[in-house]
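Pasting query-v3.txt here (compact mmCIF, C-alpha atoms):
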# COMPACT_ATOMS: atom_id res chain seq x y z
CA MET A 1 93.10 190.37 104.79
CA SER A 2 95.43 187.57 103.68
CA ASP A 3 95.29 184.11 105.24
CA SER A 4 98.67 184.43 106.98
CA SER A 5 97.81 187.76 108.62
CA ALA A 6 94.45 186.35 109.75
CA VAL A 7 96.24 183.38 111.34
CA THR A 8 98.77 185.72 112.99
CA LEU A 9 95.97 187.89 114.33
CA ALA A 10 94.09 184.86 115.70
CA ALA A 11 97.31 183.54 117.31
CA ARG A 12 97.99 186.93 118.93
CA ARG A 13 94.42 187.13 120.16
CA TRP A 14 94.64 183.65 121.70
CA ARG A 15 98.00 184.45 123.25
CA GLY A 16 96.44 187.56 124.78
CA LEU A 17 93.46 185.62 126.09
CA LEU A 18 95.64 182.92 127.68
CA MET A 19 98.04 185.50 129.17
CA ARG A 20 95.05 187.32 130.64
CA GLU A 21 93.95 184.11 132.39
CA ILE A 22 97.44 183.54 133.79
CA ARG A 23 97.78 187.14 134.99
CA GLU A 24 94.35 187.21 136.62
CA ASN A 25 94.86 183.84 138.34
CA ARG A 26 98.54 184.08 139.30
CA SER A 27 98.01 182.85 142.85
CA LEU A 28 96.14 179.74 141.73
CA MET A 29 98.27 178.90 138.69
CA LEU A 30 101.77 179.90 139.81
CA TYR A 31 101.99 180.32 143.58
CA ALA A 32 99.80 177.35 144.59
CA PRO A 33 101.82 174.80 142.52
CA CYS A 34 105.09 176.30 143.84
CA LEU A 35 103.82 175.93 147.40
CA LEU A 36 102.55 172.38 146.83
CA VAL A 37 105.81 171.21 145.23
CA LEU A 38 107.85 172.92 147.98
CA VAL A 39 105.77 171.29 150.73
CA ALA A 40 106.09 167.87 149.04
CA ILE A 41 109.88 168.24 148.79
CA LEU A 42 110.23 169.46 152.38
CA LEU A 43 107.99 166.65 153.63
CA GLY A 44 110.16 164.11 151.79
CA LEU A 45 113.32 165.67 153.26
CA ARG A 46 111.81 165.65 156.74
CA LEU A 47 110.98 161.95 156.44
CA PHE A 48 114.48 161.27 155.09
CA THR A 49 116.16 163.00 158.02
CA LEU A 50 114.28 160.80 160.47
CA PHE A 51 116.53 157.87 159.46
CA PRO A 52 120.06 157.40 160.85
CA VAL A 53 123.03 158.30 158.62
CA GLU A 54 123.79 154.61 157.83
CA ARG A 55 120.28 154.09 156.43
CA GLN A 56 120.50 157.38 154.52
CA THR A 57 123.81 156.28 152.98
CA ALA A 58 122.32 152.92 151.99
CA ALA A 59 119.29 154.64 150.43
CA MET A 60 121.42 157.10 148.47
CA ASP A 61 123.70 154.28 147.31
CA LEU A 62 120.64 152.37 146.13
CA LEU A 63 119.23 155.45 144.37
CA PHE A 64 122.37 156.42 142.49
CA ASN A 65 123.87 153.01 141.75
CA ARG A 66 120.79 150.86 141.24
CA PHE A 67 119.85 152.87 138.15
CA GLU A 68 123.21 152.29 136.44
CA GLY A 69 122.78 150.70 133.02
CA ILE A 70 119.01 150.26 133.24
CA ASN A 71 116.51 151.14 130.53
CA ALA A 72 114.89 154.40 131.66
CA LEU A 73 111.65 153.60 129.80
CA GLU A 74 111.18 150.40 131.81
CA ILE A 75 111.57 151.96 135.24
CA ALA A 76 109.83 155.29 134.47
CA PRO A 77 106.28 153.95 135.18
CA LEU A 78 107.35 153.33 138.78
CA LEU A 79 108.23 157.00 139.24
CA THR A 80 105.14 158.04 137.25
CA SER A 81 102.88 156.18 139.67
CA ALA A 82 104.64 157.93 142.56
CA GLY A 83 104.07 161.26 140.81
CA ALA A 84 100.41 160.49 140.08
CA LEU A 85 99.44 162.29 143.28
CA ASN A 86 100.26 165.50 141.41
CA LEU A 87 97.29 164.79 139.13
CA VAL A 88 95.00 165.34 142.11
CA PHE A 89 96.55 168.80 142.63
CA ILE A 90 96.41 169.66 138.91
CA VAL A 91 92.75 168.63 138.58
CA GLY A 92 91.91 170.40 141.86
CA ILE A 93 93.56 173.64 140.71
CA ALA A 94 91.89 173.43 137.27
CA LEU A 95 88.40 172.79 138.64
CA SER A 96 88.68 175.52 141.25
CA TYR A 97 89.90 177.93 138.53
CA LEU A 98 86.98 176.99 136.26
CA ALA A 99 84.44 177.46 139.05
CA SER A 100 85.55 181.02 139.65
CA SER A 101 86.41 182.04 136.06
CA LEU A 102 83.06 183.05 134.51
CA TYR A 103 81.58 183.83 137.93
CA ALA A 104 84.35 186.35 138.67
CA ASP A 105 83.78 187.99 135.25
CA ARG A 106 80.13 188.55 136.14
CA ARG A 107 80.79 189.63 139.70
CA GLU A 108 83.32 192.29 138.65
CA LEU A 109 81.23 193.19 135.56
CA SER A 110 84.42 192.79 133.52
CA TYR A 111 82.47 190.67 131.01
CA LEU A 112 80.86 193.92 129.80
CA PHE A 113 84.32 195.25 128.94
CA TRP A 114 85.32 192.01 127.18
CA GLN A 115 82.06 191.94 125.24
CA SER A 116 82.81 195.46 124.01
CA MET A 117 86.12 194.19 122.60
CA PRO A 118 86.32 192.40 119.24
CA ILE A 119 86.45 189.03 121.01
CA SER A 120 83.55 186.63 120.86
CA ASP A 121 82.03 184.95 123.91
CA ARG A 122 83.02 181.64 122.32
CA ALA A 123 86.71 182.62 122.20
CA THR A 124 86.58 183.87 125.80
CA VAL A 125 85.04 180.67 127.16
CA MET A 126 87.22 178.42 124.98
CA SER A 127 90.30 180.23 126.30
CA LYS A 128 89.22 179.21 129.81
CA VAL A 129 88.82 175.59 128.66
CA ALA A 130 92.26 175.68 126.98
CA THR A 131 93.74 177.17 130.16
CA SER A 132 92.37 174.34 132.30
CA VAL A 133 93.27 171.55 129.85
CA LEU A 134 96.69 172.72 128.64
CA VAL A 135 98.07 175.76 130.47
CA ILE A 136 97.54 174.64 134.09
CA PRO A 137 99.12 171.16 133.54
CA ALA A 138 102.00 172.78 131.60
CA ILE A 139 102.75 175.34 134.34
CA TYR A 140 102.45 172.72 137.08
CA LEU A 141 104.73 170.35 135.20
CA ALA A 142 107.34 173.09 134.65
CA ILE A 143 107.36 173.86 138.39
CA LEU A 144 107.49 170.13 139.23
CA THR A 145 110.43 169.67 136.85
CA VAL A 146 112.37 172.53 138.44
CA GLY A 147 111.60 171.15 141.93
CA SER A 148 112.66 167.63 140.93
CA MET A 149 115.90 168.94 139.41
CA PHE A 150 116.74 170.80 142.64
CA LEU A 151 115.95 167.63 144.61
CA ILE A 152 118.23 165.46 142.45
CA ILE A 153 121.06 168.00 142.51
CA GLY A 154 120.72 168.26 146.30
CA ALA A 155 120.64 164.48 146.69
CA ALA A 156 123.67 164.11 144.41
CA VAL A 157 125.70 166.69 146.36
CA TYR A 158 124.72 165.08 149.69
CA SER A 159 125.59 161.60 148.38
CA TYR A 160 128.93 162.85 147.09
CA SER A 161 129.69 164.29 150.53
CA LEU A 162 128.95 160.84 152.01
CA GLY A 163 131.48 159.30 149.61
CA ILE A 164 128.90 157.55 147.38
CA GLU A 165 129.76 157.14 143.70
CA LEU A 166 127.17 158.60 141.33
CA ASN A 167 127.35 155.93 138.63
CA GLY A 168 123.66 155.89 137.75
CA LEU A 169 123.07 159.66 137.81
CA VAL A 170 122.47 160.00 134.05
CA GLU A 171 120.01 157.09 134.01
CA LEU A 172 118.26 158.50 137.09
CA VAL A 173 117.82 161.92 135.44
CA ALA A 174 116.62 160.28 132.19
CA THR A 175 114.11 158.16 134.13
CA MET A 176 112.88 161.22 135.99
CA CYS A 177 112.44 163.22 132.76
CA ILE A 178 110.46 160.39 131.13
CA ALA A 179 108.34 159.97 134.27
CA LEU A 180 107.62 163.72 134.33
CA GLY A 181 106.64 163.53 130.67
CA PHE A 182 104.22 160.72 131.49
CA VAL A 183 102.81 162.75 134.39
CA GLY A 184 102.26 165.68 131.99
CA LEU A 185 100.58 163.47 129.39
CA SER A 186 98.45 161.91 132.15
CA ALA A 187 97.41 165.38 133.31
CA VAL A 188 96.31 166.50 129.82
CA THR A 189 94.57 163.14 129.22
CA ALA A 190 92.84 163.46 132.60
CA MET A 191 91.60 166.97 131.79
CA LEU A 192 90.32 165.83 128.38
CA TRP A 193 88.72 162.82 130.07
CA LEU A 194 87.08 165.21 132.53
CA LEU A 195 85.65 167.50 129.83
CA PRO A 196 82.08 166.78 131.02
CA ALA A 197 83.13 167.95 134.51
CA VAL A 198 84.86 170.99 132.97
CA GLY A 199 81.67 171.86 131.06
CA TRP A 200 79.44 171.21 134.08
CA ILE A 201 81.45 173.52 136.32
CA LEU A 202 81.70 176.21 133.60
CA LEU A 203 77.93 176.09 133.16
CA PHE A 204 77.42 176.66 136.89
CA SER A 205 80.12 179.32 136.88
CA ALA A 206 78.14 181.15 134.20
CA TYR A 207 74.81 180.60 135.95
CA ALA A 208 75.12 180.59 139.75
CA THR A 209 74.78 183.84 141.64
CA ARG A 210 77.17 182.68 144.37
CA VAL A 211 79.52 179.75 145.32
CA PRO A 212 79.35 178.07 141.88
CA LEU A 213 81.52 175.07 142.86
CA LEU A 214 79.15 174.20 145.72
CA TRP A 215 76.15 174.51 143.38
CA ALA A 216 77.87 172.36 140.75
CA ILE A 217 78.66 169.54 143.19
CA GLY A 218 75.36 169.90 145.05
CA GLY A 219 73.39 169.94 141.79
CA LEU A 220 75.01 166.72 140.61
CA VAL A 221 74.41 164.95 143.92
CA ALA A 222 70.81 166.20 144.01
CA LEU A 223 70.13 165.03 140.43
CA SER A 224 71.63 161.62 141.17
CA LEU A 225 69.53 161.22 144.34
CA LEU A 226 66.42 162.50 142.58
CA GLU A 227 66.86 159.90 139.85
CA GLU A 228 67.19 157.10 142.41
CA VAL A 229 64.19 158.26 144.43
CA ALA A 230 61.86 159.22 141.57
CA LEU A 231 62.79 156.70 138.87
CA GLY A 232 64.40 153.92 140.91
CA SER A 233 67.33 153.83 138.46
CA ASN A 234 70.98 154.82 138.79
CA THR A 235 72.01 155.80 135.27
CA LEU A 236 73.79 158.95 136.40
CA ASP A 237 75.70 157.12 139.17
CA THR A 238 76.68 154.36 136.76
CA TRP A 239 77.87 156.86 134.18
CA ILE A 240 80.03 158.69 136.72
CA ALA A 241 81.37 155.42 138.18
CA SER A 242 82.23 154.11 134.70
CA ARG A 243 84.53 157.09 134.19
CA SER A 244 86.11 157.26 137.66
CA SER A 245 88.94 154.75 137.40
CA PRO A 246 92.37 156.46 137.37
CA TRP A 247 93.70 153.81 134.94
CA GLN A 248 91.55 155.40 132.26
CA TYR A 249 93.81 158.45 132.14
CA LEU A 250 97.12 157.46 133.73
CA VAL A 251 99.70 157.22 130.94
CA PHE A 252 102.59 154.76 131.40
CA SER A 253 103.65 154.34 127.78
CA LEU A 254 103.11 156.01 124.43
CA ASP A 255 101.89 152.82 122.75
CA ASP A 256 98.21 153.17 123.61
CA LEU A 257 98.02 156.97 123.89
CA GLY A 258 96.36 157.45 120.48
CA ALA A 259 93.83 154.72 121.23
CA ARG A 260 93.01 156.38 124.56
CA LEU A 261 92.61 159.85 123.09
CA PHE A 262 90.27 158.62 120.36
CA SER A 263 88.45 155.96 122.37
CA TYR A 264 84.66 155.91 122.33
CA ASP A 265 84.42 157.01 125.98
CA MET A 266 86.79 159.93 125.43
CA LEU A 267 84.88 161.15 122.37
CA PHE A 268 81.50 160.71 124.04
CA GLY A 269 82.78 162.69 127.02
CA ALA A 270 83.97 165.40 124.61
CA VAL A 271 80.48 165.57 123.06
CA LEU A 272 78.85 166.00 126.49
CA GLY A 273 81.50 168.51 127.51
CA GLY A 274 80.88 170.38 124.25
CA MET A 275 77.14 170.58 124.98
CA LEU A 276 77.75 171.97 128.46
CA ILE A 277 80.42 174.41 127.25
CA SER A 278 78.01 175.61 124.52
CA GLY A 279 75.46 176.26 127.26
CA ALA A 280 78.05 178.28 129.19
CA ILE A 281 78.91 180.30 126.06
CA LEU A 282 75.23 181.10 125.37
CA MET A 283 74.73 181.97 129.05
CA ARG A 284 77.14 184.91 128.72
CA ARG A 285 74.59 186.85 126.69
CA PHE A 286 72.40 187.30 129.78
CA ALA A 287 73.27 189.99 132.28
CA ASP A 288 72.59 189.29 135.97
CA MET B 1 65.47 181.61 94.38
CA ASN B 2 62.12 180.67 95.84
CA THR B 3 63.59 177.63 97.64
CA LYS B 4 66.39 179.75 99.09
CA HIS B 5 63.88 182.30 100.31
CA ARG B 6 61.80 179.55 101.95
CA THR B 7 64.90 178.10 103.66
CA ASN B 8 65.83 181.52 104.98
CA GLN B 9 62.30 181.96 106.30
CA ARG B 10 62.50 178.56 108.03
CA VAL B 11 65.86 179.41 109.65
CA THR B 12 64.50 182.76 110.83
CA PHE B 13 61.44 181.04 112.27
CA MET B 14 63.64 178.50 114.12
CA GLN B 15 65.87 181.27 115.46
CA ARG B 16 62.84 183.23 116.64
CA THR B 17 61.33 180.13 118.26
CA LEU B 18 64.60 179.33 120.03
CA ARG B 19 64.93 182.92 121.19
CA ASN B 20 61.39 182.87 122.57
CA THR B 21 61.74 179.52 124.34
CA LEU B 22 65.16 178.17 125.33
CA LEU B 23 67.08 181.43 124.99
CA ARG B 24 64.44 183.56 126.69
CA ASN B 25 66.42 183.94 129.91
CA LYS B 26 69.34 182.31 131.69
CA HIS B 27 67.12 179.96 133.69
CA THR B 28 65.45 178.38 130.64
CA LEU B 29 68.82 178.05 128.93
CA PHE B 30 70.33 176.42 132.02
CA ILE B 31 67.47 173.95 132.41
CA ALA B 32 67.47 173.14 128.68
CA THR B 33 71.23 172.43 128.71
CA VAL B 34 71.05 170.20 131.78
CA VAL B 35 68.01 168.32 130.49
CA ALA B 36 69.64 167.79 127.06
CA VAL B 37 72.79 166.39 128.68
CA LEU B 38 70.80 164.11 130.98
CA ILE B 39 68.78 162.78 128.06
CA VAL B 40 71.95 162.02 126.07
CA VAL B 41 73.52 160.27 129.10
CA ALA B 42 70.36 158.23 129.71
CA VAL B 43 69.97 157.18 126.06
CA GLU B 44 73.66 156.32 125.71
CA GLY B 45 73.58 154.35 128.97
CA ARG B 46 70.58 152.38 127.77
CA LEU B 47 72.03 151.72 124.32
CA THR B 48 75.47 150.61 125.51
CA ASP B 49 74.47 148.86 128.77
CA ARG B 50 77.08 150.94 130.52
CA GLU B 51 78.49 149.43 133.71
CA ALA B 52 80.50 150.98 136.51
CA SER B 53 84.19 150.22 136.15
CA SER B 54 85.62 152.03 139.14
CA GLN B 55 86.34 148.73 140.89
CA GLU B 56 88.54 147.44 138.06
CA PHE B 57 92.19 147.84 138.89
CA GLU B 58 93.71 146.14 135.88
CA ASN B 59 97.08 147.54 135.01
CA PRO B 60 100.13 145.66 133.73
CA PHE B 61 102.46 147.76 135.87
CA PHE B 62 100.74 146.87 139.11
CA ASP B 63 100.25 143.12 138.88
CA ILE B 64 101.63 142.15 142.24
CA GLN B 65 102.26 138.42 142.45
CA VAL B 66 101.91 137.46 146.07
CA SER B 67 102.39 133.84 147.11
CA PRO B 68 99.37 132.16 148.81
CA GLN B 69 101.36 131.77 152.03
CA VAL B 70 102.23 135.48 152.20
CA ARG B 71 98.63 136.42 151.34
CA ALA B 72 97.37 134.19 154.18
CA ASP B 73 99.88 135.78 156.55
CA ILE B 74 98.72 139.27 155.56
CA ARG B 75 95.07 138.35 156.04
CA SER B 76 95.65 136.75 159.43
CA GLY B 77 97.34 139.95 160.64
CA PRO B 78 100.20 140.40 163.09
CA ARG B 79 100.82 137.60 165.57

Exercise: express the given structure as structure tokens:
Amino acid sequence: MSDSSAVTLAARRWRGLLMREIRENRSLMLYAPCLLVLVAILLGLRLFTLFPVERQTAAMDLLFNRFEGINALEIAPLLTSAGALNLVFIVGIALSYLASSLYADRRELSYLFWQSMPISDRATVMSKVATSVLVIPAIYLAILTVGSMFLIIGAAVYSYSLGIELNGLVELVATMCIALGFVGLSAVTAMLWLLPAVGWILLFSAYATRVPLLWAIGGLVALSLLEEVALGSNTLDTWIASRSSPWQYLVFSLDDLGARLFSYDMLFGAVLGGMLISGAILMRRFAD
Amino acid sequence: MNTKHRTNQRVTFMQRTLRNTLLRNKHTLFIATVVAVLIVVAVEGRLTDREASSQEFENPFFDIQVSPQVRADIRSGPR
């Protein structure tokens, strides 16, 4: 087999594996983000309608004319920080997907079918990691972009009906696109930063006989408490606390992105995540 | 040839040992993975004197400059 056909075959296999994850978890990956974005937009609209028309006009005037002539890159971090709440949803969706992924394979016995196919356990588990790190943030971001576009178009039409000039519309859209890009980069950085958590949950998903997420969280809390009680130290707590600041993965500019992705903490987290993911891969050889 | 044969024998022995110990069943594998990770975390924490940084909120985009008078007003609460 030539090199190009081997690459094509590997690409098709990976595409199939990722599509399988999306198809099997449609409600979590597609419907849940749609619902969350819709609720956020409706909540914003509900709050907006609580104000009298004069205040609404002033707010719309500020929104569409304040942005005129500004540098979108300078103001984008402000919108990114407002959109950072979406990271909580993305990480929540990814972790809940990971907790059920290998566990569901064992419960339905579908792992027997997949092991009979010419696909290794490593490729299967790595496809779940790639889904949580890349596919879930990408799908969420696409839905968020569509929702934001609808919101801006709606706001522009409403403002036009109020007689407000839309001088800063282009700058506003540019700022929003840059901010959404930063949110997407933050989401991928956050998932890479959380690789130890990804590996930990995958390990429990491959091991636990029921409610793997509960066992994963409970196991971590129990280990931390056991260390404090038995050894009088708090290494585990300190390690978790040293990686819990959101500033470690929130991206507000491209300048330091490379340094973040290849920082010592990121690479060390990747090593730990790799160890745990390797454990999850090896675990698939044992039938329940 | 002899060296290669000896290396192969050593690899086979290691594989067999691993299969008989850590990879014997899912419980031993699980415990071995968790223990290995905890050891790495403990050693790295000791070597680097790792400290918790969750209380650090340093970010250039969120440096809010509040005048001392306003800060005092906020702390004293509503009058």

I need the chain A residues near chain B as a list in words; criterion: at most 8 Å, counting only C-alpha atoms. Pro77, Leu78, Leu203, Tyr207, Thr235, Leu236, Thr238, Trp239, Ile240, Ala241, Ser242, Arg243, Ser244, Ser245, Trp247, Leu272, Met275, Leu276, Gly279, Leu282, Met283 and Phe286 of chain A

Could those selected residues go to a file with C-alpha atoms, as a PDB file, in the coordinates of the input?
ATOM      1  CA  PRO A  77     106.280 153.950 135.180  1.00  0.00           C
ATOM      2  CA  LEU A  78     107.350 153.330 138.780  1.00  0.00           C
ATOM      3  CA  LEU A 203      77.930 176.090 133.160  1.00  0.00           C
ATOM      4  CA  TYR A 207      74.810 180.600 135.950  1.00  0.00           C
ATOM      5  CA  THR A 235      72.010 155.800 135.270  1.00  0.00           C
ATOM      6  CA  LEU A 236      73.790 158.950 136.400  1.00  0.00           C
ATOM      7  CA  THR A 238      76.680 154.360 136.760  1.00  0.00           C
ATOM      8  CA  TRP A 239      77.870 156.860 134.180  1.00  0.00           C
ATOM      9  CA  ILE A 240      80.030 158.690 136.720  1.00  0.00           C
ATOM     10  CA  ALA A 241      81.370 155.420 138.180  1.00  0.00           C
ATOM     11  CA  SER A 242      82.230 154.110 134.700  1.00  0.00           C
ATOM     12  CA  ARG A 243      84.530 157.090 134.190  1.00  0.00           C
ATOM     13  CA  SER A 244      86.110 157.260 137.660  1.00  0.00           C
ATOM     14  CA  SER A 245      88.940 154.750 137.400  1.00  0.00           C
ATOM     15  CA  TRP A 247      93.700 153.810 134.940  1.00  0.00           C
ATOM     16  CA  LEU A 272      78.850 166.000 126.490  1.00  0.00           C
ATOM     17  CA  MET A 275      77.140 170.580 124.980  1.00  0.00           C
ATOM     18  CA  LEU A 276      77.750 171.970 128.460  1.00  0.00           C
ATOM     19  CA  GLY A 279      75.460 176.260 127.260  1.00  0.00           C
ATOM     20  CA  LEU A 282      75.230 181.100 125.370  1.00  0.00           C
ATOM     21  CA  MET A 283      74.730 181.970 129.050  1.00  0.00           C
ATOM     22  CA  PHE A 286      72.400 187.300 129.780  1.00  0.00           C
TER      23      PHE A 286
END

Atomic separation - CA of Leu144 (chain A) relative to CA of Leu38 (chain A), Å: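 So the answer is 9.2 Å.
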
Can you list, as an mmCIF file with C-alpha atoms, in the frame of the given file, every protein, DNA or RNA residue that comes within 8 Å of region 212-224 of chain A when you count all atoms listed in the file, leaving out same-chain residues fewer than 5 positions away?
data_model
loop_
_atom_site.group_PDB
_atom_site.id
_atom_site.type_symbol
_atom_site.label_atom_id
_atom_site.label_comp_id
_atom_site.auth_asym_id
_atom_site.auth_seq_id
_atom_site.Cartn_x
_atom_site.Cartn_y
_atom_site.Cartn_z
ATOM 1 C CA SER A 96 88.680 175.520 141.250
ATOM 2 C CA ALA A 99 84.440 177.460 139.050
ATOM 3 C CA SER A 100 85.550 181.020 139.650
ATOM 4 C CA TYR A 103 81.580 183.830 137.930
ATOM 5 C CA TRP A 200 79.440 171.210 134.080
ATOM 6 C CA ILE A 201 81.450 173.520 136.320
ATOM 7 C CA PHE A 204 77.420 176.660 136.890
ATOM 8 C CA SER A 205 80.120 179.320 136.880
ATOM 9 C CA TYR A 207 74.810 180.600 135.950
ATOM 10 C CA ASN A 234 70.980 154.820 138.790
ATOM 11 C CA LEU A 236 73.790 158.950 136.400
ATOM 12 C CA ASP A 237 75.700 157.120 139.170
#

Please measure the separation of CA of Arg106 (chain A) and CA of Met191 (chain A), giving the value in Å to one decimal. 24.8 Å

Identify, on the basis of all atoms listed in the file, every residue whose closest approach to Val37 (chain A) does not exceed 8 Å; exclude the query and any residue fewer than 2 positions from it along the same chain; express the result as a list in words. Pro33, Cys34, Leu35, Val39, Ala40, Ile41, Ile143, Leu144 and Gly147 of chain A

CA of Ser148 (chain A) sits from CA of Leu194 (chain A) at a separation of 27.0 Å

Contacts of region 153-163 of chain A within 12 Å, all atoms listed in the file, excl. fewer than 3 positions in-chain, as a list in words: Ile41, Gly44, Leu45, Phe48, Val53, Glu54, Arg55, Gln56, Thr57, Ala58, Ala59, Met60, Asp61, Leu62, Leu63, Phe64, Asn65, Val146, Gly147, Ser148, Met149, Phe150, Leu166, Asn167, Gly168, Leu169, Val170, Leu172 and Val173 of chain A

Edge lengths and centre in Å to one decimal, as AutoDock Vina command-line options, is what I'm after for the box along x, y and z that holds all listed atoms of region 53-57 of chain A once 8 Å is added on each side.
--center_x 122.0 --center_y 156.2 --center_z 155.8 --size_x 19.5 --size_y 20.2 --size_z 21.6
